[in-house]
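Asks: For reference, the file model.txt (compact mmCIF, C-alpha atoms) is included below:
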```txt
# COMPACT_ATOMS: atom_id res chain seq x y z
CA MET A 212 97.83 171.17 62.94
CA LYS A 213 97.07 167.49 62.60
CA ILE A 214 93.47 166.29 62.10
CA LEU A 215 92.70 162.58 62.48
CA PHE A 216 89.55 160.73 61.36
CA PHE A 217 88.35 157.35 62.59
CA GLY A 218 85.73 154.70 61.88
CA SER A 219 83.00 155.39 59.33
CA LEU A 220 84.12 159.02 59.08
CA ARG A 221 87.62 157.98 57.97
CA GLU A 222 86.09 155.64 55.40
CA GLN A 223 83.62 158.23 54.06
CA LEU A 224 86.32 160.88 53.72
CA GLY A 225 88.82 158.45 52.23
CA THR A 226 91.53 159.75 54.55
CA GLY A 227 92.65 159.12 58.11
CA GLU A 228 94.83 162.17 58.54
CA LEU A 229 95.20 165.78 57.38
CA GLU A 230 98.13 168.07 58.10
CA LEU A 231 97.35 171.72 57.59
CA PRO A 232 98.18 175.13 58.99
CA LEU A 233 95.47 176.40 61.34
CA PRO A 234 92.96 178.07 59.01
CA GLU A 235 92.59 181.81 59.57
CA GLY A 236 89.91 182.85 62.06
CA ILE A 237 89.59 179.34 63.56
CA ALA A 238 89.85 179.23 67.35
CA ASN A 239 87.64 176.33 68.44
CA VAL A 240 86.32 172.90 67.43
CA GLU A 241 82.99 174.22 66.17
CA GLN A 242 84.69 176.66 63.82
CA LEU A 243 87.09 173.98 62.59
CA LEU A 244 84.20 171.61 61.83
CA ASP A 245 82.41 174.38 59.98
CA ASN A 246 85.53 175.10 57.96
CA LEU A 247 85.90 171.41 57.00
CA ARG A 248 82.21 171.16 56.04
CA HIS A 249 82.69 174.01 53.60
CA ARG A 250 85.44 172.18 51.70
CA ASP A 251 82.85 170.59 49.36
CA ASP A 252 79.57 168.62 49.30
CA HIS A 253 81.34 165.38 50.12
CA TRP A 254 82.83 166.80 53.34
CA GLN A 255 79.54 168.48 54.15
CA ARG A 256 77.68 165.16 53.97
CA ALA A 257 80.32 163.19 55.87
CA LEU A 258 80.35 165.69 58.75
CA GLU A 259 76.62 166.30 59.08
CA GLY A 260 75.88 163.43 61.51
CA THR A 261 76.99 163.18 65.13
CA VAL A 262 80.73 163.93 65.20
CA LEU A 263 82.70 163.56 68.43
CA CYS A 264 85.99 165.30 68.99
CA ALA A 265 89.20 164.86 70.94
CA VAL A 266 91.85 167.58 71.25
CA ASN A 267 95.32 166.22 72.04
CA GLN A 268 93.75 162.83 72.84
CA THR A 269 91.24 164.15 75.39
CA MET A 270 87.50 164.27 74.65
CA ALA A 271 86.46 167.84 73.91
CA ASN A 272 83.22 169.66 73.16
CA GLU A 273 82.59 172.06 70.28
CA ALA A 274 83.60 175.10 72.35
CA ALA A 275 87.07 173.68 73.07
CA ALA A 276 89.97 175.80 71.83
CA VAL A 277 92.21 174.56 69.02
CA ASP A 278 95.65 175.83 68.12
CA ASP A 279 98.18 175.20 65.38
CA GLY A 280 100.23 172.60 67.24
CA ASP A 281 97.19 170.55 68.28
CA GLU A 282 96.18 167.03 67.31
CA VAL A 283 92.43 167.10 66.71
CA ALA A 284 90.56 163.83 66.17
CA LEU A 285 87.05 163.63 64.72
CA PHE A 286 84.99 160.44 64.88
CA PRO A 287 81.50 158.93 65.17
CA PRO A 288 80.15 157.73 68.57
CA VAL A 289 82.34 154.90 69.88
CA THR A 290 81.32 151.22 69.72
CA GLY A 291 83.93 149.20 71.62
CA GLY A 292 83.50 146.54 74.28
CA MET B 238 97.36 147.99 90.76
CA ILE B 239 95.93 149.08 87.43
CA SER B 240 96.93 147.33 84.23
CA VAL B 241 95.64 148.17 80.73
CA SER B 242 96.43 146.46 77.44
CA VAL B 243 95.21 147.07 73.87
CA GLN B 244 96.37 144.17 71.72
CA GLN B 245 95.67 142.00 68.68
CA GLU B 246 96.45 138.72 70.46
CA ASP B 247 93.86 136.70 72.32
CA PHE B 248 94.02 136.47 76.12
CA ASP B 249 93.76 133.59 78.59
CA THR B 250 91.06 134.25 81.20
CA GLY B 251 92.45 131.49 83.44
CA GLU B 252 95.86 133.11 83.46
CA GLU B 253 94.41 136.57 84.17
CA TYR B 254 92.33 135.15 87.02
CA ARG B 255 95.32 133.37 88.56
CA GLN B 256 97.36 136.59 88.47
CA LEU B 257 94.69 138.47 90.41
CA GLN B 258 94.33 135.56 92.83
CA ALA B 259 98.09 135.39 93.48
CA GLU B 260 98.52 139.13 93.86
CA ASN B 261 97.51 139.52 97.45
CA GLY B 262 96.46 137.15 100.24
CA ARG B 263 93.81 139.62 101.43
CA THR B 264 91.76 139.36 98.22
CA GLY B 265 88.26 138.12 99.02
CA ALA B 266 86.48 138.54 95.69
CA ILE B 267 87.37 138.54 92.00
CA VAL B 268 84.86 139.52 89.31
CA LEU B 269 85.91 138.84 85.75
CA PHE B 270 83.89 139.88 82.68
CA THR B 271 84.59 138.90 79.09
CA GLY B 272 82.82 140.24 76.02
CA LEU B 273 82.68 138.13 72.84
CA ALA B 274 82.18 138.84 69.13
CA ARG B 275 78.57 137.75 68.72
CA ASP B 276 77.26 136.20 65.50
CA ILE B 277 73.97 137.41 64.05
CA ALA B 278 71.46 134.64 63.36
CA ASP B 279 69.78 136.00 60.23
CA ASP B 280 72.86 137.73 58.75
CA PRO B 281 75.96 135.62 59.47
CA LEU B 282 79.14 137.45 60.30
CA ALA B 283 82.50 136.60 58.69
CA ILE B 284 84.77 139.12 60.40
CA LEU B 285 84.50 141.83 63.02
CA GLN B 286 87.02 144.63 62.47
CA LEU B 287 88.02 146.68 65.49
CA GLU B 288 89.66 150.04 64.94
CA HIS B 289 90.96 152.33 67.68
CA TYR B 290 92.82 155.57 68.37
CA PRO B 291 96.30 154.48 69.51
CA GLY B 292 97.46 156.46 72.54
CA MET B 293 94.09 157.89 73.45
CA THR B 294 92.59 154.41 73.84
CA GLU B 295 95.07 153.34 76.49
CA ALA B 296 94.73 156.69 78.31
CA SER B 297 90.93 156.46 78.25
CA LEU B 298 90.89 152.89 79.66
CA ARG B 299 93.38 153.87 82.37
CA GLN B 300 91.29 156.89 83.33
CA THR B 301 88.16 154.71 83.63
CA ALA B 302 90.08 152.25 85.83
CA GLU B 303 91.31 155.13 88.01
CA GLN B 304 87.75 156.41 88.43
CA ALA B 305 86.66 152.93 89.57
CA ASP B 306 89.61 152.76 91.95
CA GLN B 307 88.58 156.06 93.55
CA ARG B 308 84.97 154.99 93.86
CA TRP B 309 85.35 151.50 95.36
CA PRO B 310 87.93 149.84 97.65
CA LEU B 311 89.70 147.72 95.00
CA MET B 312 92.96 145.83 94.87
CA ASP B 313 93.65 145.11 91.23
CA ILE B 314 92.06 146.23 87.99
CA ARG B 315 92.98 144.60 84.70
CA ILE B 316 91.53 145.69 81.33
CA ILE B 317 92.41 144.00 78.03
CA HIS B 318 90.77 145.07 74.76
CA ARG B 319 91.56 143.46 71.43
CA VAL B 320 91.82 145.25 68.08
CA GLY B 321 92.19 144.09 64.48
CA GLU B 322 90.21 141.30 62.82
CA LEU B 323 88.12 138.96 64.98
CA SER B 324 85.83 136.05 64.16
CA PRO B 325 82.42 135.23 65.65
CA GLY B 326 82.87 133.72 69.11
CA ASP B 327 86.27 135.37 69.68
CA GLN B 328 86.97 137.19 72.93
CA ILE B 329 87.03 141.00 72.53
CA VAL B 330 87.37 142.46 76.00
CA LEU B 331 88.28 141.45 79.53
CA VAL B 332 87.67 143.43 82.71
CA ALA B 333 88.89 141.80 85.92
CA VAL B 334 88.60 143.40 89.34
CA SER B 335 89.59 142.20 92.79
CA SER B 336 88.55 143.47 96.19
CA THR B 337 88.14 142.29 99.76
CA HIS B 338 84.36 141.85 99.31
CA ARG B 339 82.07 141.04 96.42
CA ALA B 340 79.89 144.17 96.31
CA ALA B 341 82.75 146.50 95.31
CA ALA B 342 84.08 144.00 92.76
CA PHE B 343 80.68 143.49 91.09
CA SER B 344 79.93 147.22 90.91
CA ALA B 345 83.38 148.27 89.73
CA CYS B 346 83.45 145.67 86.96
CA GLU B 347 80.05 146.78 85.66
CA PHE B 348 81.03 150.46 85.96
CA ILE B 349 84.22 149.94 83.94
CA MET B 350 82.37 148.13 81.13
CA ASP B 351 79.58 150.72 81.00
CA ILE B 352 82.00 153.65 80.83
CA LEU B 353 84.31 151.85 78.38
CA LYS B 354 81.39 151.23 76.00
CA THR B 355 80.62 154.93 75.70
CA SER B 356 84.00 156.63 76.07
CA ALA B 357 86.91 154.44 74.90
CA PRO B 358 87.74 155.26 71.24
CA PHE B 359 87.02 151.93 69.51
CA TRP B 360 84.89 151.42 66.41
CA LYS B 361 83.50 148.09 65.16
CA LYS B 362 82.79 147.17 61.56
CA GLU B 363 80.89 143.98 60.73
CA ILE B 364 81.83 142.18 57.52
CA HIS B 365 79.13 139.69 56.51
CA ARG B 366 79.68 136.39 54.68
CA ASP B 367 78.47 137.89 51.39
CA GLY B 368 81.12 140.62 51.65
CA ARG B 369 78.87 143.47 52.76
CA GLY B 370 80.33 145.62 55.50
CA HIS B 371 78.68 148.02 57.89
CA TRP B 372 79.77 150.08 60.86
CA VAL B 373 78.12 149.20 64.16
CA GLU B 374 76.09 152.11 65.51
CA ALA B 375 76.24 153.32 69.09
CA LYS B 376 73.22 152.27 71.19
CA ALA B 377 71.12 154.67 73.27
CA SER B 378 70.82 151.93 75.93
CA ASP B 379 74.62 152.02 76.39
CA GLN B 380 74.50 155.79 76.93
CA GLN B 381 71.75 155.29 79.52
CA ARG B 382 73.79 152.71 81.42
CA ALA B 383 76.80 155.05 81.53
CA GLN B 384 74.59 157.96 82.57
CA ARG B 385 73.25 156.00 85.57
CA TRP B 386 76.76 155.91 87.05
CA ARG B 387 77.29 159.63 86.49
CA GLU B 388 74.01 160.40 88.24
CA ALA B 389 74.83 158.05 91.12
CA SER B 390 78.18 159.81 91.46
CA GLN B 391 76.48 163.22 91.77
CA GLU B 392 74.21 161.91 94.50
CA ASP B 393 77.27 160.79 96.46
CA THR B 394 78.77 164.29 96.50
```
Could the structure of this file be written out as structure tokens, please?

Replies:
Amino acid sequence: MKILFFGSLREQLGTGELELPLPEGIANVEQLLDNLRHRDDHWQRALEGTVLCAVNQTMANEAAAVDDGDEVALFPPVTGG
Amino acid sequence: MISVSVQQEDFDTGEEYRQLQAENGRTGAIVLFTGLARDIADDPLAILQLEHYPGMTEASLRQTAEQADQRWPLMDIRIIHRVGELSPGDQIVLVAVSSTHRAAAFSACEFIMDILKTSAPFWKKEIHRDGRGHWVEAKASDQQRAQRWREASQEDT
């Protein structure tokens, strides 16, 4: 799966994109976020604020399903306009 | 007709207005909003960086325009949003709406801006003259403005 990061989250993590196989036992956004937070303290801190999510470019909540072929984007609240 | 553009280049409000005016002889009202990169008096701004999520941004703006089109009797909807590096005073966003009468055009234009502010995937970073940079934070007042429309929509149904 592809995971994209934007805005301050991208900057904090030092990466805009991760390609990885769907981690075992992960079926939704909440579980994926939890998995990423457990990578290390740095990831934990970066992902502890409000994180919004889009699955395949559509806004999704934490219960939304994720699968191996999906593009999941994680980002802070938007500030356009 | 709905038209959406995400671009680095500046836009010409006069040209956009004339296109809506020329589109259809039945047009009775055009409302055109532009948002600018605002300087901050006590902490001068050098650059405003605008990041977005290519693909999703265009889809999100189009969806907002379609919602407006379903809600009010509109003729044309044009949304332009700039990305990249902007300077204080630069134009950031344009929303232009035409209709037969003013009420629909006023409401739809405001609706599109309020929804865009809280759902289109853009992020602003302010770079100050001394080199410090900080990400603009989302405002609760913007969420409230967007929520008003959602509540009004529920009352309609």

Asks: Enumerate as a PyMOL selection string the residues belonging to chain A that approach chain B to within 10 Å, with only C-alpha atoms taken into account.

Replies: chain A and resi 215-219+265+267-270+284+286-292

Asks: Would you mind exporting C-alpha atoms of the selected residues as a CSV table (one decimal), in the frame of the given file?

Replies:
```csv
chain,number,residue,atom,x,y,z
A,215,LEU,CA,92.7,162.6,62.5
A,216,PHE,CA,89.6,160.7,61.4
A,217,PHE,CA,88.4,157.4,62.6
A,218,GLY,CA,85.7,154.7,61.9
A,219,SER,CA,83.0,155.4,59.3
A,265,ALA,CA,89.2,164.9,70.9
A,267,ASN,CA,95.3,166.2,72.0
A,268,GLN,CA,93.8,162.8,72.8
A,269,THR,CA,91.2,164.2,75.4
A,270,MET,CA,87.5,164.3,74.6
A,284,ALA,CA,90.6,163.8,66.2
A,286,PHE,CA,85.0,160.4,64.9
A,287,PRO,CA,81.5,158.9,65.2
A,288,PRO,CA,80.2,157.7,68.6
A,289,VAL,CA,82.3,154.9,69.9
A,290,THR,CA,81.3,151.2,69.7
A,291,GLY,CA,83.9,149.2,71.6
A,292,GLY,CA,83.5,146.5,74.3
```

Asks: Counting only C-alpha atoms, which residue out of A:Cys264, A:Glu222, A:Arg248, A:Leu229 sits closest to Ala276 (chain A)?

Replies: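 Using only C-alpha atoms, the shortest distance to Ala276 (chain A) belongs to A:Cys264.
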
Asks: Using only C-alpha atoms, pick whichever of B:Ile267, B:Leu285, B:Leu257, B:Ala333 has the shortest atom-to-atom distance to Ile349 (chain B).

Replies: B:Ala333

Asks: Take CA of Ser240 (chain B) and CA of Ala389 (chain B) and report the distance between them in Å, one decimal.

Replies: 25.5 Å

Asks: To one decimal place in Å, what is the distance between CA of Gly262 (chain B) and CA of Val243 (chain B)?

Replies: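 Rounded to one decimal, the two atoms are 28.2 Å apart.
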
Asks: I'd like to know which of A:Leu224, A:Asn272, A:Val283, A:Val240 is closest to His253 (chain A), using only C-alpha atoms.

Replies: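 Using only C-alpha atoms, the shortest distance to His253 (chain A) belongs to A:Leu224.
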
Asks: Can you measure CA of Gly225 (chain A) to CA of Asp281 (chain A) for me? One decimal in Å is fine.

Replies: 21.8 Å

Asks: Of the residues A:Leu247, A:Glu259, A:Ala274, A:Leu220, which is the one nearest to Leu233 (chain A), using all atoms listed in the file?

Replies: A:Leu247

Asks: How big is the axis-aligned box, and where does its centre sit, when it encloses all atoms of region 339-342 of chain B listed in the file and has 6 Å added on every side, reported in Å to one decimal as AutoDock Vina command-line options?

Replies:
```
--center_x 82.0 --center_y 143.8 --center_z 94.6 --size_x 16.2 --size_y 17.5 --size_z 15.7
```

Asks: Would you mind telling me which residue in A:Leu243, A:Ile214, A:Val266, A:Asp278 lies nearest to Thr226 (chain A) when using only C-alpha atoms?

Replies: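 Comparing A:Leu243, A:Ile214, A:Val266, A:Asp278 against Thr226 (chain A), the winner is A:Ile214.
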
Asks: Fewer than 4 positions away in the same chain doesn't count, so skip those; otherwise give me all residues within 10 Å of region 277-280 of chain B, counting only C-alpha atoms, as a ChimeraX atom specification.

Replies: /B:325,365-367

Asks: Between A:Gln242, A:Lys213, A:Leu263, A:Asp279, single out the one closest to Glu228 (chain A), counting only C-alpha atoms.

Replies: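 The shortest atom-to-atom distance to Glu228 (chain A) comes from A:Lys213.
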
Asks: Residues within 7 Å of Ile284 (chain B), please, as a list in words. Count only C-alpha atoms; anything in the same chain fewer than 5 positions from it doesn't count.

Replies: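 Neighbouring residues, sequence-local ones excluded: Glu322, Leu323, Ser324, Pro325, Glu363, Ile364 and His365 of chain B.
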